[in-house]
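Pasting structure-v9.txt here (compact mmCIF, C-alpha atoms):
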# COMPACT_ATOMS: atom_id res chain seq x y z
CA MET A 1 29.18 176.19 171.80
CA LYS A 2 28.67 172.87 173.52
CA ILE A 3 26.10 172.89 176.29
CA THR A 4 28.56 171.37 178.80
CA PHE A 5 30.87 174.32 178.20
CA LYS A 6 27.99 176.76 178.72
CA LEU A 7 27.05 175.01 181.94
CA TRP A 8 30.64 175.26 183.20
CA ILE A 9 30.49 178.99 182.54
CA PHE A 10 27.25 179.04 184.54
CA ILE A 11 29.05 177.24 187.42
CA GLY A 12 31.88 179.78 187.13
CA GLY A 13 29.33 182.58 187.43
CA LEU A 14 27.86 180.96 190.54
CA ILE A 15 31.36 180.72 192.06
CA ALA A 16 31.96 184.42 191.41
CA LEU A 17 28.61 185.29 193.03
CA SER A 18 29.01 182.84 195.92
CA PRO A 19 30.06 185.53 198.48
CA PHE A 20 26.40 186.63 198.45
CA GLY A 21 25.79 183.43 200.41
CA LEU A 22 28.09 184.87 203.07
CA LEU A 23 27.30 188.60 202.90
CA LEU A 24 23.48 188.47 202.80
CA PRO A 25 23.11 186.46 206.03
CA GLU A 26 25.72 188.77 207.63
CA HIS A 27 23.85 191.87 206.49
CA PHE A 28 20.51 190.65 207.81
CA LYS A 29 22.06 189.41 211.04
CA ALA A 30 20.86 185.89 210.43
CA GLY A 31 22.68 183.45 212.69
CA SER A 32 23.65 179.87 211.97
CA ALA A 33 21.31 177.54 210.15
CA TRP A 34 18.83 175.90 212.53
CA GLY A 35 20.37 172.79 214.08
CA GLU A 36 23.90 173.71 212.98
CA TRP A 37 25.09 175.61 216.04
CA GLY A 38 28.50 175.17 217.62
CA ALA A 39 28.79 173.86 221.17
CA GLU A 40 29.06 177.34 222.72
CA GLU A 41 26.03 178.62 220.81
CA MET A 42 24.16 175.62 222.11
CA ARG A 43 25.00 176.59 225.69
CA GLU A 44 23.49 180.03 225.07
CA LEU A 45 20.37 178.50 223.54
CA VAL A 46 19.47 175.79 226.02
CA GLY A 47 21.69 176.55 229.02
CA TYR A 48 23.96 173.53 228.72
CA ILE A 49 25.99 171.60 226.18
CA PRO A 50 24.52 168.14 225.66
CA LYS A 51 27.24 165.65 226.70
CA GLY A 52 27.21 163.58 223.55
CA LEU A 53 27.19 166.65 221.37
CA GLU A 54 30.18 168.08 223.24
CA LYS A 55 32.14 164.90 222.60
CA LEU A 56 31.20 164.41 218.94
CA SER A 57 31.21 168.02 217.77
CA SER A 58 35.01 168.20 217.82
CA LEU A 59 35.40 164.79 216.19
CA TRP A 60 36.48 166.10 212.82
CA SER A 61 38.71 169.04 212.12
CA ALA A 62 38.05 170.09 208.54
CA PRO A 63 40.98 171.66 206.62
CA ILE A 64 38.85 174.63 205.41
CA PRO A 65 36.27 174.92 208.21
CA ASP A 66 33.05 176.72 207.27
CA TYR A 67 34.47 177.77 203.90
CA THR A 68 37.18 179.94 205.43
CA PHE A 69 40.80 179.44 206.43
CA LYS A 70 41.69 178.38 209.94
CA GLY A 71 42.22 181.40 212.16
CA TRP A 72 40.41 183.78 209.78
CA GLU A 73 37.21 183.90 211.84
CA GLY A 74 37.50 187.58 212.84
CA LYS A 75 38.80 188.85 209.49
CA PRO A 76 36.91 191.55 207.56
CA LEU A 77 34.16 190.45 205.19
CA SER A 78 36.28 191.26 202.14
CA SER A 79 38.88 188.68 203.20
CA LEU A 80 36.18 186.18 204.13
CA SER A 81 34.63 186.64 200.68
CA VAL A 82 37.96 185.81 199.06
CA ALA A 83 38.21 182.69 201.20
CA TYR A 84 34.62 181.84 200.26
CA ILE A 85 35.37 182.05 196.54
CA PHE A 86 38.55 180.04 197.06
CA SER A 87 36.46 177.40 198.88
CA ALA A 88 33.93 177.34 196.05
CA VAL A 89 36.70 176.81 193.47
CA ILE A 90 38.31 174.03 195.51
CA GLY A 91 34.93 172.41 196.20
CA VAL A 92 33.85 172.51 192.56
CA LEU A 93 37.19 171.13 191.35
CA VAL A 94 37.26 168.32 193.90
CA CYS A 95 33.58 167.45 193.19
CA ALA A 96 34.14 167.36 189.46
CA GLY A 97 37.39 165.43 189.87
CA ALA A 98 35.80 162.84 192.15
CA VAL A 99 32.88 162.36 189.74
CA PHE A 100 35.22 162.00 186.77
CA ILE A 101 37.12 159.23 188.54
CA LEU A 102 33.88 157.55 189.70
CA GLY A 103 32.33 157.97 186.28
CA LYS A 104 35.30 156.50 184.47
CA LEU A 105 35.23 153.53 186.82
CA LEU A 106 31.50 152.97 186.41
CA SER A 107 30.63 153.95 182.87
CA LYS A 108 30.63 151.87 179.75
CA LYS A 109 33.40 152.64 177.32
CA GLU A 110 32.34 153.82 173.92
CA MET B 1 19.87 170.93 206.41
CA HIS B 2 23.43 169.64 206.99
CA ILE B 3 23.22 167.82 210.31
CA PRO B 4 26.54 168.34 212.14
CA ASP B 5 28.40 165.84 214.31
CA GLY B 6 26.89 165.53 217.76
CA TYR B 7 23.25 166.21 216.91
CA LEU B 8 22.31 162.62 216.16
CA GLY B 9 23.07 159.74 218.49
CA PRO B 10 25.24 156.80 217.38
CA GLY B 11 22.21 154.57 216.75
CA THR B 12 20.57 157.05 214.39
CA CYS B 13 23.86 157.72 212.59
CA GLY B 14 24.54 154.00 212.18
CA LEU B 15 21.01 153.28 211.01
CA PHE B 16 21.19 155.80 208.18
CA TYR B 17 24.60 154.58 207.07
CA LEU B 18 23.02 151.10 206.96
CA ILE B 19 20.05 152.40 204.98
CA MET B 20 22.25 154.28 202.53
CA LEU B 21 24.57 151.34 201.88
CA PRO B 22 22.15 149.37 199.68
CA ILE B 23 21.00 152.62 198.03
CA TRP B 24 24.56 153.54 197.11
CA THR B 25 25.19 149.96 195.94
CA ALA B 26 22.05 150.00 193.80
CA ALA B 27 22.95 153.43 192.43
CA SER B 28 26.40 152.33 191.35
CA ARG B 29 24.95 149.15 189.80
CA ILE B 30 22.34 151.05 187.85
CA VAL B 31 24.88 153.65 186.85
CA LYS B 32 27.25 150.95 185.70
CA LYS B 33 24.51 149.56 183.47
CA THR B 34 23.26 152.81 182.02
CA LEU B 35 25.94 155.47 182.28
CA ASN B 36 27.45 156.35 178.99
CA SER B 37 31.00 157.69 179.25
CA ARG B 38 29.84 160.78 177.38
CA GLN B 39 27.44 161.55 180.26
CA VAL B 40 30.26 161.78 182.79
CA PRO B 41 30.94 165.50 182.15
CA LEU B 42 27.27 166.30 182.88
CA LEU B 43 27.42 164.22 186.05
CA ALA B 44 30.49 166.22 187.14
CA ILE B 45 28.61 169.45 186.42
CA GLY B 46 25.69 168.12 188.48
CA ALA B 47 27.90 167.49 191.52
CA ALA B 48 29.65 170.84 191.12
CA PHE B 49 26.32 172.66 190.73
CA SER B 50 24.85 171.04 193.82
CA PHE B 51 28.01 171.88 195.79
CA VAL B 52 28.10 175.53 194.85
CA ILE B 53 24.34 176.20 195.06
CA MET B 54 24.44 175.01 198.68
CA MET B 55 26.93 177.82 199.43
CA PHE B 56 24.23 180.40 198.69
CA ASN B 57 22.92 180.83 202.20
CA VAL B 58 19.67 182.73 202.19
CA PRO B 59 18.93 184.66 205.37
CA ILE B 60 15.73 184.90 207.37
CA PRO B 61 16.41 188.38 208.80
CA GLY B 62 17.41 188.24 212.45
CA GLY B 63 16.92 184.51 212.50
CA THR B 64 18.57 181.76 210.62
CA THR B 65 19.82 180.75 207.18
CA GLY B 66 19.13 178.01 204.69
CA HIS B 67 19.78 177.17 201.09
CA ALA B 68 18.65 175.22 198.05
CA VAL B 69 20.27 171.88 197.22
CA GLY B 70 19.88 171.86 193.45
CA GLY B 71 19.21 168.15 193.67
CA VAL B 72 15.85 168.19 191.92
CA LEU B 73 17.38 169.82 188.87
CA VAL B 74 20.16 167.24 188.78
CA ALA B 75 17.54 164.48 189.06
CA ILE B 76 15.46 165.95 186.20
CA LEU B 77 18.53 166.06 183.96
CA LEU B 78 20.25 162.83 184.92
CA GLY B 79 17.60 160.72 186.63
CA PRO B 80 17.36 160.09 190.37
CA TRP B 81 20.09 157.43 190.62
CA LEU B 82 22.76 159.54 188.98
CA ALA B 83 21.58 162.50 191.03
CA CYS B 84 21.99 160.39 194.17
CA ILE B 85 25.63 159.80 193.28
CA ALA B 86 26.33 163.41 192.31
CA ILE B 87 24.81 164.83 195.51
CA THR B 88 26.51 162.19 197.67
CA VAL B 89 29.86 163.30 196.24
CA ALA B 90 29.05 166.95 197.02
CA LEU B 91 27.92 166.14 200.58
CA VAL B 92 30.96 163.98 201.37
CA ILE B 93 33.29 166.72 200.17
CA GLN B 94 31.41 169.35 202.17
CA ALA B 95 31.75 167.23 205.30
CA LEU B 96 35.40 166.24 204.83
CA LEU B 97 36.91 169.46 203.52
CA PHE B 98 34.64 172.15 204.91
CA GLY B 99 33.11 170.65 208.05
CA ASP B 100 29.63 171.36 206.62
CA GLY B 101 27.60 168.42 207.89
CA GLY B 102 29.07 165.87 210.27
CA ILE B 103 31.20 162.87 209.44
CA THR B 104 28.99 160.69 211.61
CA ALA B 105 25.90 162.17 209.91
CA ILE B 106 26.95 161.57 206.30
CA GLY B 107 24.52 158.64 206.10
CA ALA B 108 21.64 160.73 207.46
CA ASN B 109 22.46 163.80 205.37
CA CYS B 110 22.76 161.68 202.21
CA PHE B 111 19.45 160.00 203.01
CA ASN B 112 17.75 163.42 203.14
CA MET B 113 19.49 165.33 200.40
CA ALA B 114 20.87 162.64 198.06
CA PHE B 115 18.01 160.13 198.30
CA ILE B 116 14.69 161.62 199.49
CA LEU B 117 15.17 164.90 197.66
CA PRO B 118 16.14 163.74 194.15
CA PHE B 119 13.74 160.78 194.14
CA CYS B 120 10.72 162.79 195.34
CA GLY B 121 11.64 165.65 193.03
CA TYR B 122 12.11 163.40 190.02
CA TYR B 123 8.82 161.56 190.35
CA ILE B 124 6.81 164.69 191.12
CA TYR B 125 8.31 166.31 188.01
CA LYS B 126 7.50 163.21 185.96
CA ALA B 127 3.94 163.03 187.27
CA ILE B 128 3.14 166.69 186.64
CA SER B 129 4.87 167.03 183.27
CA TYR B 130 3.38 163.67 182.21
CA LYS B 131 3.44 163.55 178.40
CA SER B 132 3.73 167.27 177.81
CA PRO B 133 6.16 168.37 175.09
CA VAL B 134 9.74 169.08 176.15
CA ASP B 135 9.39 172.78 175.40
CA SER B 136 6.08 173.25 177.20
CA ARG B 137 5.38 175.71 180.00
CA ARG B 138 3.98 172.81 181.96
CA ARG B 139 7.48 171.36 182.33
CA VAL B 140 8.80 174.59 183.82
CA ILE B 141 5.96 174.67 186.34
CA ALA B 142 6.43 170.95 187.06
CA ALA B 143 10.12 171.58 187.77
CA GLY B 144 9.29 174.42 190.16
CA ILE B 145 6.65 172.46 192.05
CA ALA B 146 8.91 169.41 192.24
CA GLY B 147 11.74 171.53 193.66
CA TYR B 148 9.48 173.12 196.24
CA ILE B 149 7.80 169.94 197.47
CA ALA B 150 10.90 167.75 197.43
CA LEU B 151 13.00 170.21 199.43
CA ASN B 152 10.23 170.46 202.00
CA ILE B 153 9.88 166.70 202.32
CA ALA B 154 13.65 166.45 202.86
CA ALA B 155 13.49 169.26 205.44
CA GLY B 156 10.63 167.50 207.20
CA VAL B 157 12.59 164.25 207.43
CA THR B 158 15.60 166.18 208.73
CA GLY B 159 13.39 167.82 211.37
CA PHE B 160 12.10 164.39 212.32
CA MET B 161 15.66 163.07 212.75
CA PHE B 162 16.53 166.02 215.00
CA GLY B 163 13.26 165.77 216.89
CA ILE B 164 13.43 162.13 217.93
CA GLN B 165 16.90 162.54 219.51
CA PRO B 166 15.73 163.79 222.94
CA LEU B 167 13.33 160.83 223.06
CA LEU B 168 16.09 158.36 222.30
CA TYR B 169 19.05 159.77 224.19
CA LYS B 170 19.00 161.50 227.55
CA THR B 171 20.89 161.40 230.81
CA ALA B 172 19.37 160.08 234.03
CA SER B 173 18.57 163.68 235.00
CA GLY B 174 16.66 164.22 231.75
CA GLN B 175 19.21 166.36 229.90
CA ALA B 176 19.49 165.65 226.20
CA LEU B 177 22.67 163.93 225.04
CA TYR B 178 22.48 165.07 221.43
CA CYS B 179 19.97 167.39 219.73
CA PRO B 180 18.00 168.88 222.65
CA TYR B 181 14.96 169.97 220.63
CA GLY B 182 12.07 167.55 220.37
CA LEU B 183 9.62 166.94 217.55
CA ASN B 184 7.36 169.76 218.78
CA VAL B 185 10.12 172.27 217.94
CA ALA B 186 12.37 170.65 215.33
CA LEU B 187 9.62 169.56 212.95
CA PRO B 188 7.69 172.85 212.71
CA VAL B 189 10.90 174.92 212.52
CA MET B 190 12.54 172.84 209.80
CA LEU B 191 9.30 172.59 207.81
CA GLY B 192 8.25 176.17 208.43
CA GLU B 193 11.45 177.84 207.27
CA HIS B 194 11.64 175.68 204.15
CA LEU B 195 7.94 176.13 203.31
CA LEU B 196 8.25 179.88 203.74
CA ILE B 197 11.60 180.68 202.16
CA PHE B 198 14.11 178.02 201.15
CA GLY B 199 11.67 175.83 199.24
CA TRP B 200 10.96 178.76 196.94
CA VAL B 201 14.67 179.14 196.23
CA GLU B 202 14.88 175.52 195.11
CA ALA B 203 11.69 175.99 193.06
CA VAL B 204 12.93 179.10 191.27
CA VAL B 205 16.42 177.71 190.57
CA THR B 206 14.98 174.46 189.21
CA ALA B 207 12.32 176.12 187.06
CA LEU B 208 14.65 178.79 185.64
CA VAL B 209 17.35 176.34 184.59
CA VAL B 210 14.74 174.04 182.99
CA LYS B 211 13.37 177.05 181.11
CA TYR B 212 16.86 177.98 179.93
CA LEU B 213 17.58 174.42 178.80
CA GLN B 214 14.28 174.22 176.88
CA LYS B 215 15.61 177.02 174.71
CA HIS B 216 19.28 176.18 174.50
CA SER B 217 19.60 172.44 174.92
CA PRO B 218 16.21 170.71 174.85
CA GLU B 219 17.86 167.33 174.20
CA LEU B 220 18.96 167.34 177.86
CA LEU B 221 15.32 167.35 178.93
CA ALA B 222 14.16 164.72 176.46
CA GLU B 223 13.66 161.13 177.45
CA GLY B 224 16.44 158.73 176.61
CA ARG B 225 18.71 161.74 176.64
CA LYS B 226 22.08 161.48 175.01
CA ILE B 227 24.81 164.05 175.12
Please express the file's structure as structure tokens.
Amino acid sequence: MKITFKLWIFIGGLIALSPFGLLLPEHFKAGSAWGEWGAEEMRELVGYIPKGLEKLSSLWSAPIPDYTFKGWEGKPLSSLSVAYIFSAVIGVLVCAGAVFILGKLLSKKE
Amino acid sequence: MHIPDGYLGPGTCGLFYLIMLPIWTAASRIVKKTLNSRQVPLLAIGAAFSFVIMMFNVPIPGGTTGHAVGGVLVAILLGPWLACIAITVALVIQALLFGDGGITAIGANCFNMAFILPFCGYYIYKAISYKSPVDSRRRVIAAGIAGYIALNIAAGVTGFMFGIQPLLYKTASGQALYCPYGLNVALPVMLGEHLLIFGWVEAVVTALVVKYLQKHSPELLAEGRKI
């Protein structure tokens, strides 16, 4: 078996296991990553929302925010895990696709 | 370590876009010269690996989360310039599609995770493994140490970026405009959590995959690698 094929299987395994990255922090009641709070969380932490942060934080509205579907925030963890795996698949495919295009543009032909 | 929109002021954001521009240009030049079209699949795997490994948030119970970047491994396998491109792709996609890391902070986030991390990791790995044989234990240990140190350097630089914001940007009344935590908080927190927990995740992932490849595909670890 070619090593690239084996490595893709490895990536597939990581995708399947990816919900651990969602469930473990949930289980241990770990909050957001440090420095990655939303505007409201920031108000709770320091008592106000820094003006520039308030303006810029809503600058971009990502299509799959925080690896879940829009409006799914309160859904049970099982649904969120499905969305997480879906996000991992999309992310991996788009990453690989983008690199293939870049690579074809940049690499020497043989 | 993904700085969101609104934590860095416009000057800092602009500066790191400016710094990354020549790095990205150099990377694509070097890649153009050296990349063999048969290496493209491995580069795609590198970007995909980095993307998905960053989804594995590791909790500090009751506190916060963090994750490995996988960038040191990509740098060991593909060299730092290719790693820079692979991780940049992953970070841009995370920002655009998933809102993980800000659009305005892509320059800063790429500087930390797609430049500092793979370059430090690569040269630490090189220095420690020196001329040891490809299948030696020393290479596994070198990979682990490189992963640990490089992730911590990147975390330290990220903490520094956060920490200088209240010095640079505040209102007349002294309220912060962007990140409100100064160097006295941001630096020890970012460094501390990565030294204690997340650095070890990067170390273990890097070392284990290198160990696996020694057995199953040592040619990937050899110099002048060809696929």
Subject >> Contact set, chain A to chain B: 7 Å, only C-alpha atoms, as a ChimeraX atom specification >> reply: /A:3-4,8,11,14-15,18,20-22,24-25,28-36,50-54,56-57,62-67,88,91-92,95-96,99-100,103-104,106-110
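The coordinates place atom CA of A:Gly38 at 12.0 Å from atom CA of A:Lys55.
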**OP:** Quote the spacing between atom CA of B:Gly107 and atom CA of B:Thr206 in Å to one decimal place.
**Re:** 25.0 Å
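Note that atom CA of B:Asn112 and atom CA of B:Leu18 are 13.9 Å apart.
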So that all listed atoms of stretch 80-84 of chain B fit with 3 Å spare on each side, what axis-aligned box centre and edge lengths in Å, to one decimal, would you give as JSON?
{"center_x": 20.1, "center_y": 160.0, "center_z": 191.6, "size_x": 11.4, "size_y": 11.1, "size_z": 11.2}
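Compared by their closest atoms to B:Phe111, and using only C-alpha atoms, the residues B:Ala143, B:Leu195, B:Leu73, B:Met161 rank with B:Met161 nearest.
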